[in-house]
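Structure file target-v4.pdb; described as PDB, C-alpha atoms.
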```
ATOM      1  CA  MET R   1    -160.580-111.009 -51.409
ATOM      2  CA  THR R   2    -159.157-108.030 -49.505
ATOM      3  CA  ARG R   3    -155.692-108.217 -48.029
ATOM      4  CA  PRO R   4    -155.610-108.508 -44.192
ATOM      5  CA  LEU R   5    -154.338-105.516 -42.249
ATOM      6  CA  LEU R   6    -151.420-107.532 -40.852
ATOM      7  CA  GLU R   7    -149.670-110.592 -42.305
ATOM      8  CA  VAL R   8    -146.997-112.925 -40.955
ATOM      9  CA  ALA R   9    -144.584-111.416 -43.476
ATOM     10  CA  ASP R  10    -145.108-107.951 -41.930
ATOM     11  CA  ILE R  11    -144.141-109.301 -38.506
ATOM     12  CA  VAL R  12    -141.071-111.078 -39.908
ATOM     13  CA  ARG R  13    -139.899-107.942 -41.700
ATOM     14  CA  ALA R  14    -140.434-105.815 -38.587
ATOM     15  CA  GLN R  15    -139.022-108.122 -35.898
ATOM     16  CA  GLY R  16    -137.249-110.973 -37.706
ATOM     17  CA  ASP R  17    -133.688-109.713 -37.212
ATOM     18  CA  ARG R  18    -134.334-108.978 -33.540
ATOM     19  CA  PHE R  19    -135.818-112.441 -33.018
ATOM     20  CA  ILE R  20    -132.831-114.126 -34.690
ATOM     21  CA  HIS R  21    -130.382-112.107 -32.598
ATOM     22  CA  SER R  22    -132.188-112.996 -29.353
ATOM     23  CA  ASN R  23    -132.282-116.726 -30.148
ATOM     24  CA  PHE R  24    -129.043-117.261 -32.075
ATOM     25  CA  ARG R  25    -127.906-120.087 -29.760
ATOM     26  CA  TRP R  26    -130.502-122.497 -31.098
ATOM     27  CA  PHE R  27    -131.570-120.816 -34.325
ATOM     28  CA  HIS R  28    -130.806-123.064 -37.299
ATOM     29  CA  TRP R  29    -129.932-122.010 -40.854
ATOM     30  CA  ALA R  30    -133.193-123.604 -42.015
ATOM     31  CA  HIS R  31    -135.120-121.219 -39.746
ATOM     32  CA  ARG R  32    -133.317-118.242 -41.308
ATOM     33  CA  LYS R  33    -134.109-119.562 -44.776
ATOM     34  CA  ALA R  34    -137.827-119.867 -43.976
ATOM     35  CA  LEU R  35    -138.037-116.387 -42.452
ATOM     36  CA  ARG R  36    -136.188-114.879 -45.411
ATOM     37  CA  ALA R  37    -138.571-116.587 -47.845
ATOM     38  CA  ILE R  38    -141.659-115.386 -45.950
ATOM     39  CA  ALA R  39    -140.352-111.810 -45.842
ATOM     40  CA  ARG R  40    -139.619-111.782 -49.586
ATOM     41  CA  CYS R  41    -142.719-113.631 -50.776
ATOM     42  CA  ARG R  42    -144.766-111.716 -53.357
ATOM     43  CA  THR R  43    -142.489-108.682 -53.254
ATOM     44  CA  ALA R  44    -140.381-107.074 -55.954
ATOM     45  CA  VAL R  45    -137.299-108.768 -54.483
ATOM     46  CA  LEU R  46    -138.314-112.059 -56.134
ATOM     47  CA  GLY R  47    -139.243-110.455 -59.427
ATOM     48  CA  GLY R  48    -142.618-110.649 -61.064
ATOM     49  CA  HIS R  49    -144.647-111.961 -63.973
ATOM     50  CA  ARG R  50    -147.361-110.650 -66.271
ATOM     51  CA  ASP R  51    -150.735-112.344 -66.527
ATOM     52  CA  GLN R  52    -153.144-111.829 -69.413
ATOM     53  CA  CYS R  53    -156.789-112.826 -69.635
ATOM     54  CA  PRO R  54    -157.277-115.065 -72.700
ATOM     55  CA  ARG R  55    -160.820-113.728 -73.198
ATOM     56  CA  CYS R  56    -160.572-109.962 -72.852
ATOM     57  CA  GLY R  57    -156.828-109.420 -73.100
ATOM     58  CA  TYR R  58    -156.609-107.608 -69.754
ATOM     59  CA  ARG R  59    -153.043-107.609 -68.382
ATOM     60  CA  THR R  60    -151.755-107.320 -64.845
ATOM     61  CA  THR R  61    -148.370-107.731 -63.160
ATOM     62  CA  SER R  62    -147.930-109.900 -60.055
ATOM     63  CA  ASP R  63    -144.952-110.454 -57.767
ATOM     64  CA  ASN R  64    -143.529-113.979 -57.637
ATOM     65  CA  SER R  65    -144.160-116.314 -54.703
ATOM     66  CA  CYS R  66    -141.387-117.859 -52.596
ATOM     67  CA  ARG R  67    -142.906-121.393 -52.821
ATOM     68  CA  ASP R  68    -141.505-122.233 -49.398
ATOM     69  CA  ARG R  69    -143.616-124.866 -47.616
ATOM     70  CA  HIS R  70    -143.511-122.813 -44.390
ATOM     71  CA  CYS R  71    -144.979-119.718 -46.013
ATOM     72  CA  PRO R  72    -148.667-119.187 -45.106
ATOM     73  CA  LYS R  73    -149.289-117.587 -48.511
ATOM     74  CA  CYS R  74    -147.847-120.468 -50.535
ATOM     75  CA  GLN R  75    -149.053-123.516 -48.632
ATOM     76  CA  SER R  76    -152.790-122.977 -49.172
ATOM     77  CA  GLY R  77    -152.820-124.700 -52.590
ATOM     78  CA  ALA R  78    -150.913-127.710 -51.325
ATOM     79  CA  ARG R  79    -153.184-127.841 -48.275
ATOM     80  CA  ASP R  80    -156.327-127.920 -50.423
ATOM     81  CA  LYS R  81    -154.916-130.751 -52.559
ATOM     82  CA  TRP R  82    -153.955-132.682 -49.432
ATOM     83  CA  ILE R  83    -157.449-132.309 -47.952
ATOM     84  CA  MET R  84    -159.079-133.523 -51.176
ATOM     85  CA  ALA R  85    -156.797-136.574 -51.235
ATOM     86  CA  ARG R  86    -157.715-137.405 -47.632
ATOM     87  CA  GLN R  87    -161.431-137.082 -48.389
ATOM     88  CA  ASN R  88    -161.071-139.888 -50.930
ATOM     89  CA  GLU R  89    -159.757-142.124 -48.141
ATOM     90  CA  LEU R  90    -162.697-141.667 -45.774
ATOM     91  CA  LEU R  91    -164.507-144.796 -44.572
ATOM     92  CA  PRO R  92    -168.338-144.972 -44.339
ATOM     93  CA  VAL R  93    -168.231-144.811 -40.532
ATOM     94  CA  PRO R  94    -168.421-142.032 -37.902
ATOM     95  CA  TYR R  95    -165.172-140.289 -36.993
ATOM     96  CA  VAL R  96    -163.887-138.948 -33.673
ATOM     97  CA  HIS R  97    -161.421-136.201 -32.828
ATOM     98  CA  VAL R  98    -158.725-136.675 -30.158
ATOM     99  CA  VAL R  99    -156.158-134.026 -29.178
ATOM    100  CA  PHE R 100    -152.827-134.639 -27.428
ATOM    101  CA  THR R 101    -151.352-131.498 -25.858
ATOM    102  CA  LEU R 102    -148.012-130.728 -24.217
ATOM    103  CA  PRO R 103    -147.851-128.647 -21.009
ATOM    104  CA  HIS R 104    -147.078-125.008 -21.773
ATOM    105  CA  GLN R 105    -144.002-125.206 -19.544
ATOM    106  CA  LEU R 106    -142.396-127.401 -22.216
ATOM    107  CA  SER R 107    -142.729-124.740 -24.910
ATOM    108  CA  PRO R 108    -139.199-123.284 -24.455
ATOM    109  CA  LEU R 109    -137.726-126.787 -24.610
ATOM    110  CA  ALA R 110    -139.796-127.632 -27.693
ATOM    111  CA  LEU R 111    -138.690-124.450 -29.469
ATOM    112  CA  GLN R 112    -135.060-125.442 -29.000
ATOM    113  CA  ASN R 113    -135.651-129.113 -29.854
ATOM    114  CA  LYS R 114    -138.439-129.101 -32.444
ATOM    115  CA  LYS R 115    -137.462-132.231 -34.337
ATOM    116  CA  VAL R 116    -136.912-134.308 -31.205
ATOM    117  CA  LEU R 117    -140.004-133.254 -29.246
ATOM    118  CA  TYR R 118    -142.427-133.173 -32.157
ATOM    119  CA  ASP R 119    -141.255-136.616 -33.270
ATOM    120  CA  LEU R 120    -141.744-137.863 -29.719
ATOM    121  CA  LEU R 121    -145.230-136.316 -29.631
ATOM    122  CA  PHE R 122    -146.206-138.209 -32.790
ATOM    123  CA  ARG R 123    -144.718-141.503 -31.580
ATOM    124  CA  ALA R 124    -146.108-141.373 -28.030
ATOM    125  CA  SER R 125    -149.624-140.448 -29.176
ATOM    126  CA  ALA R 126    -149.686-143.104 -31.921
ATOM    127  CA  GLU R 127    -148.482-145.827 -29.559
ATOM    128  CA  THR R 128    -151.037-144.704 -26.978
ATOM    129  CA  LEU R 129    -153.980-144.896 -29.382
ATOM    130  CA  GLN R 130    -152.935-148.290 -30.729
ATOM    131  CA  GLU R 131    -152.244-149.775 -27.299
ATOM    132  CA  VAL R 132    -155.488-148.607 -25.683
ATOM    133  CA  ALA R 133    -157.587-149.548 -28.734
ATOM    134  CA  GLN R 134    -156.109-153.057 -28.885
ATOM    135  CA  ASP R 135    -156.964-153.653 -25.232
ATOM    136  CA  PRO R 136    -160.095-155.916 -25.155
ATOM    137  CA  ARG R 137    -161.349-153.986 -22.123
ATOM    138  CA  HIS R 138    -161.811-150.892 -24.298
ATOM    139  CA  LEU R 139    -162.156-151.831 -27.988
ATOM    140  CA  GLY R 140    -160.050-154.890 -28.840
ATOM    141  CA  ALA R 141    -159.351-153.776 -32.398
ATOM    142  CA  ASP R 142    -156.629-152.456 -34.688
ATOM    143  CA  ILE R 143    -157.342-148.837 -35.573
ATOM    144  CA  GLY R 144    -156.121-146.337 -38.119
ATOM    145  CA  PHE R 145    -155.919-142.571 -37.701
ATOM    146  CA  LEU R 146    -154.576-139.356 -39.140
ATOM    147  CA  SER R 147    -152.447-137.018 -36.990
ATOM    148  CA  VAL R 148    -151.819-133.341 -37.725
ATOM    149  CA  LEU R 149    -149.366-131.225 -35.731
ATOM    150  CA  HIS R 150    -150.278-127.685 -34.696
ATOM    151  CA  THR R 151    -147.531-125.674 -33.008
ATOM    152  CA  TRP R 152    -149.481-122.478 -32.292
ATOM    153  CA  GLY R 153    -152.780-121.704 -30.626
ATOM    154  CA  GLN R 154    -155.481-119.271 -31.720
ATOM    155  CA  ASN R 155    -153.824-116.578 -29.599
ATOM    156  CA  LEU R 156    -150.643-116.977 -31.749
ATOM    157  CA  LEU R 157    -148.649-118.270 -28.779
ATOM    158  CA  HIS R 158    -146.531-121.407 -29.005
ATOM    159  CA  HIS R 159    -148.772-124.331 -28.103
ATOM    160  CA  PRO R 160    -147.682-127.749 -29.485
ATOM    161  CA  HIS R 161    -150.591-130.153 -29.830
ATOM    162  CA  LEU R 162    -151.617-133.007 -32.094
ATOM    163  CA  HIS R 163    -155.040-133.400 -33.704
ATOM    164  CA  CYS R 164    -155.968-137.027 -34.403
ATOM    165  CA  VAL R 165    -158.879-137.928 -36.692
ATOM    166  CA  ILE R 166    -159.936-141.519 -36.021
ATOM    167  CA  PRO R 167    -162.597-143.818 -37.489
ATOM    168  CA  ALA R 168    -164.916-144.813 -34.643
ATOM    169  CA  GLY R 169    -164.009-148.486 -34.530
ATOM    170  CA  GLY R 170    -161.441-150.846 -35.978
ATOM    171  CA  LEU R 171    -160.639-154.230 -37.462
ATOM    172  CA  SER R 172    -160.808-157.344 -35.350
ATOM    173  CA  PRO R 173    -157.422-158.942 -34.556
ATOM    174  CA  ASP R 174    -158.006-161.582 -37.242
ATOM    175  CA  GLY R 175    -159.013-158.909 -39.755
ATOM    176  CA  THR R 176    -162.387-160.477 -40.545
ATOM    177  CA  HIS R 177    -164.886-157.912 -39.235
ATOM    178  CA  TRP R 178    -165.365-154.365 -37.987
ATOM    179  CA  ILE R 179    -165.623-153.753 -34.239
ATOM    180  CA  HIS R 180    -167.791-150.842 -33.109
ATOM    181  CA  PRO R 181    -166.876-148.911 -29.933
ATOM    182  CA  ARG R 182    -168.648-149.893 -26.757
ATOM    183  CA  TYR R 183    -168.558-146.331 -25.392
ATOM    184  CA  PRO R 184    -170.241-143.252 -26.911
ATOM    185  CA  PHE R 185    -166.893-141.491 -26.441
ATOM    186  CA  PHE R 186    -164.875-144.160 -28.341
ATOM    187  CA  LEU R 187    -161.965-144.607 -25.877
ATOM    188  CA  PRO R 188    -161.760-143.492 -22.211
ATOM    189  CA  VAL R 189    -159.978-140.145 -21.993
ATOM    190  CA  HIS R 190    -158.438-140.774 -18.560
ATOM    191  CA  VAL R 191    -156.806-143.977 -19.836
ATOM    192  CA  LEU R 192    -155.467-142.249 -22.940
ATOM    193  CA  SER R 193    -154.080-139.422 -20.779
ATOM    194  CA  ARG R 194    -152.343-141.755 -18.341
ATOM    195  CA  VAL R 195    -150.765-143.941 -21.032
ATOM    196  CA  PHE R 196    -149.672-140.955 -23.140
ATOM    197  CA  ARG R 197    -148.153-139.229 -20.114
ATOM    198  CA  GLY R 198    -146.096-142.289 -19.241
ATOM    199  CA  LYS R 199    -144.866-142.825 -22.791
ATOM    200  CA  PHE R 200    -143.958-139.187 -23.376
ATOM    201  CA  VAL R 201    -142.093-138.748 -20.088
ATOM    202  CA  ALA R 202    -140.196-142.019 -20.581
ATOM    203  CA  GLY R 203    -139.284-140.991 -24.114
ATOM    204  CA  LEU R 204    -138.152-137.545 -22.994
ATOM    205  CA  LYS R 205    -135.929-138.999 -20.268
ATOM    206  CA  ARG R 206    -134.469-141.484 -22.740
ATOM    207  CA  ARG R 207    -133.610-138.733 -25.213
ATOM    208  CA  PHE R 208    -132.025-136.720 -22.407
ATOM    209  CA  GLN R 209    -129.802-139.665 -21.493
ATOM    210  CA  GLN R 210    -128.876-140.086 -25.164
ATOM    211  CA  ARG R 211    -127.871-136.388 -25.257
ATOM    212  CA  GLN R 212    -130.357-135.579 -28.025
ATOM    213  CA  LEU R 213    -131.661-132.433 -26.305
ATOM    214  CA  THR R 214    -130.250-128.915 -26.563
ATOM    215  CA  PHE R 215    -130.310-126.554 -23.580
ATOM    216  CA  ALA R 216    -129.438-122.962 -24.414
ATOM    217  CA  GLY R 217    -129.986-119.638 -22.678
ATOM    218  CA  SER R 218    -132.330-119.843 -19.708
ATOM    219  CA  LEU R 219    -132.673-123.630 -20.164
ATOM    220  CA  ARG R 220    -128.985-124.318 -19.624
ATOM    221  CA  PRO R 221    -129.409-125.344 -15.939
ATOM    222  CA  LEU R 222    -131.677-128.202 -17.099
ATOM    223  CA  ALA R 223    -128.699-129.869 -18.767
ATOM    224  CA  HIS R 224    -128.007-131.524 -15.392
ATOM    225  CA  GLU R 225    -129.975-134.725 -14.897
ATOM    226  CA  LYS R 226    -131.222-133.935 -11.388
ATOM    227  CA  ALA R 227    -132.524-130.522 -12.465
ATOM    228  CA  PHE R 228    -134.141-131.995 -15.577
ATOM    229  CA  ARG R 229    -136.000-134.659 -13.614
ATOM    230  CA  SER R 230    -137.189-132.063 -11.093
ATOM    231  CA  PHE R 231    -138.406-129.913 -13.970
ATOM    232  CA  LEU R 232    -140.441-132.782 -15.461
ATOM    233  CA  ARG R 233    -141.947-134.106 -12.226
ATOM    234  CA  PRO R 234    -144.827-131.611 -11.786
ATOM    235  CA  LEU R 235    -145.659-131.228 -15.477
ATOM    236  CA  PHE R 236    -147.394-134.550 -16.104
ATOM    237  CA  ARG R 237    -149.199-135.298 -12.846
TER     238      ARG R 237
END
```
Could you render the structure as structure tokens?
Amino acid sequence: MTRPLLEVADIVRAQGDRFIHSNFRWFHWAHRKALRAIARCRTAVLGGHRDQCPRCGYRTTSDNSCRDRHCPKCQSGARDKWIMARQNELLPVPYVHVVFTLPHQLSPLALQNKKVLYDLLFRASAETLQEVAQDPRHLGADIGFLSVLHTWGQNLLHHPHLHCVIPAGGLSPDGTHWIHPRYPFFLPVHVLSRVFRGKFVAGLKRRFQQRQLTFAGSLRPLAHEKAFRSFLRPLFR
């Protein structure tokens, strides 16, 4: 496999210090640690090791990996093991794919409040799927699903969204039989959108009132409740 012309580590080494300086108000020590690990991964800074082929005796020297879970070079092995484990859990039924996306205007707020907003995204989407699926008008069943967070889009811009892989159907309330969906599209998208929107906005307002959100730099004016509510109003219509 040939090495790509540009890697994440190259970008971190070239612009990492500038990025940290520009965002120091919200930048956490854990972010610095991850960037430092990515920049040093598989370089002489971390030392190296010698590999030898047990058959022909050929020797080669390789730089050590950082083993940080955020490093794109080091997470591939763990990802493959995770995918294999999930494949063993698959049910003999069709599966559907549902995506929950945040408006792009929330990206600056999400970058400064990753733990809070991403946790809210998981909770609001999970509650939405369970609530709509349990409604007898739509499915009337208890469902299970797998949610995976993506924070970037294919254009490498910040784009928080959640991919949900869901068995097409669920258990009856008494747990005695499997209920198949009555629609070819599993659950109505407009209902999912409306319920998710309400849950996410309510959760965001609640976390604002509990002072769990950070507003730094250009977001500082949103620290006032009136400005924050005005900011949210057009985003989820």
Find the residues near segment 148-157 of chain R: any atom within 10 Å, counting all atoms listed in the file, skip ones fewer than 3 places away on the same chain, and give them as a VMD selection string. chain R and resid 99 to 101 104 107 110 to 111 114 118 121 to 122 160 to 165
Atoms to include: C-alpha atoms. Write the selected residues as a CSV table (one decimal), in the frame of the given file.
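Result went into selection.csv, see below:
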```csv
chain,number,residue,atom,x,y,z
R,99,VAL,CA,-156.2,-134.0,-29.2
R,100,PHE,CA,-152.8,-134.6,-27.4
R,101,THR,CA,-151.4,-131.5,-25.9
R,104,HIS,CA,-147.1,-125.0,-21.8
R,107,SER,CA,-142.7,-124.7,-24.9
R,110,ALA,CA,-139.8,-127.6,-27.7
R,111,LEU,CA,-138.7,-124.4,-29.5
R,114,LYS,CA,-138.4,-129.1,-32.4
R,118,TYR,CA,-142.4,-133.2,-32.2
R,121,LEU,CA,-145.2,-136.3,-29.6
R,122,PHE,CA,-146.2,-138.2,-32.8
R,160,PRO,CA,-147.7,-127.7,-29.5
R,161,HIS,CA,-150.6,-130.2,-29.8
R,162,LEU,CA,-151.6,-133.0,-32.1
R,163,HIS,CA,-155.0,-133.4,-33.7
R,164,CYS,CA,-156.0,-137.0,-34.4
R,165,VAL,CA,-158.9,-137.9,-36.7
```
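Taking all atoms listed in the file into account, those protein, DNA and RNA residues with any atom at most 10 Å away from (-146.1, -111.1, -49.4) amount to Glu7, Val8, Ala9, Asp10, Ala37, Ile38, Ala39, Arg40, Cys41, Arg42, Thr43, Ala44, Asp63, Asn64, Ser65, Cys66, Cys71, Pro72, Lys73 and Cys74 of chain R.
Once the PyMOL selection byres ((chain R and resi 91) around 12) is applied to this file, the selection holds R:Arg86, R:Gln87, R:Asn88, R:Glu89, R:Leu90, R:Pro92, R:Val93, R:Pro94, R:Tyr95, R:Gly144, R:Phe145, R:Val165, R:Ile166, R:Pro167, R:Ala168, R:Gly169, R:Gly170, R:Trp178.
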Residue list as a list in words for point (-165.5, -143.3, -28.0), cut-off 10 Å, only C-alpha atoms: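 All residues meeting the 10 Å criterion around (-165.5, -143.3, -28.0) are Tyr95, Val96, His97, Val98, His138, Leu139, Ile166, Pro167, Ala168, Gly169, His180, Pro181, Arg182, Tyr183, Pro184, Phe185, Phe186, Leu187, Pro188 and Val189 of chain R.
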Write out the residues from the selection above, keeping C-alpha atoms, as an mmCIF file, in the coordinates of the input.
```cif
data_model
loop_
_atom_site.group_PDB
_atom_site.id
_atom_site.type_symbol
_atom_site.label_atom_id
_atom_site.label_comp_id
_atom_site.auth_asym_id
_atom_site.auth_seq_id
_atom_site.Cartn_x
_atom_site.Cartn_y
_atom_site.Cartn_z
ATOM 1 C CA TYR R 95 -165.172 -140.289 -36.993
ATOM 2 C CA VAL R 96 -163.887 -138.948 -33.673
ATOM 3 C CA HIS R 97 -161.421 -136.201 -32.828
ATOM 4 C CA VAL R 98 -158.725 -136.675 -30.158
ATOM 5 C CA HIS R 138 -161.811 -150.892 -24.298
ATOM 6 C CA LEU R 139 -162.156 -151.831 -27.988
ATOM 7 C CA ILE R 166 -159.936 -141.519 -36.021
ATOM 8 C CA PRO R 167 -162.597 -143.818 -37.489
ATOM 9 C CA ALA R 168 -164.916 -144.813 -34.643
ATOM 10 C CA GLY R 169 -164.009 -148.486 -34.530
ATOM 11 C CA HIS R 180 -167.791 -150.842 -33.109
ATOM 12 C CA PRO R 181 -166.876 -148.911 -29.933
ATOM 13 C CA ARG R 182 -168.648 -149.893 -26.757
ATOM 14 C CA TYR R 183 -168.558 -146.331 -25.392
ATOM 15 C CA PRO R 184 -170.241 -143.252 -26.911
ATOM 16 C CA PHE R 185 -166.893 -141.491 -26.441
ATOM 17 C CA PHE R 186 -164.875 -144.160 -28.341
ATOM 18 C CA LEU R 187 -161.965 -144.607 -25.877
ATOM 19 C CA PRO R 188 -161.760 -143.492 -22.211
ATOM 20 C CA VAL R 189 -159.978 -140.145 -21.993
#
```
Skip segment 26-33 of chain R itself and residues of its chain fewer than 6 positions away, then list as a PyMOL selection string all residues within 7 Å of it, counting all atoms listed in the file. chain R and resi 20+112+216
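Proximity of R:Val116, R:Leu129, R:Cys53, R:Leu46 to Arg207 of chain R, computed with only C-alpha atoms, is greatest for R:Val116.
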In Å, how far is it from atom CA of His21 of chain R to atom CA of His70 of chain R? 20.6 Å
Counting only C-alpha atoms, which residue out of R:Arg229, R:Gln52, R:Phe19, R:Leu35 sits closest to Arg206 of chain R?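 Looking at the shortest contact to Arg206 of chain R, the residue is R:Arg229.
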Length of the atom CA of Ala34 of chain R to atom CA of Asp68 of chain R vector [Å]: 7.0 Å
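If you measure from each of R:Val191, R:Leu109, R:Leu102, R:Cys56 to Thr214 of chain R using only C-alpha atoms, the closest one turns out to be R:Leu109.
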Output of the PyMOL selection byres ((chain R and resi 208-211) around 12), listed as a list in words: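 Listing what the PyMOL selection byres ((chain R and resi 208-211) around 12) selects in the shown file: Leu109, Asn113, Val116, Leu117, Val201, Ala202, Gly203, Leu204, Lys205, Arg206, Arg207, Gln212, Leu213, Thr214, Phe215, Leu222, Ala223, His224, Glu225, Lys226, Ala227, Phe228, Arg229 and Leu232 of chain R.
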For atom CA of Ala124 of chain R and atom CA of Pro103 of chain R, quote the distance in Å rounded to one decimal.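 Atom CA of Pro103 of chain R lies at a distance of 14.6 Å from atom CA of Ala124 of chain R.
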Once the PyMOL selection byres ((chain R and resi 128) around 9) has been evaluated on this model, what residues remain selected, and can you format them as a list in words? Arg123, Ala124, Ser125, Ala126, Glu127, Leu129, Gln130, Glu131, Val132, Ala133, Leu192, Ser193, Val195, Phe196 and Lys199 of chain R
What are the centre and the three edge lengths of an axis-aligned box that wraps all atoms of segment 70-88 of chain R in the file, given that 8 Å is added to every side, written as JSON and rounded to one decimal in Å?
```
{"center_x": -152.5, "center_y": -128.7, "center_z": -48.5, "size_x": 33.9, "size_y": 38.3, "size_z": 24.2}
```
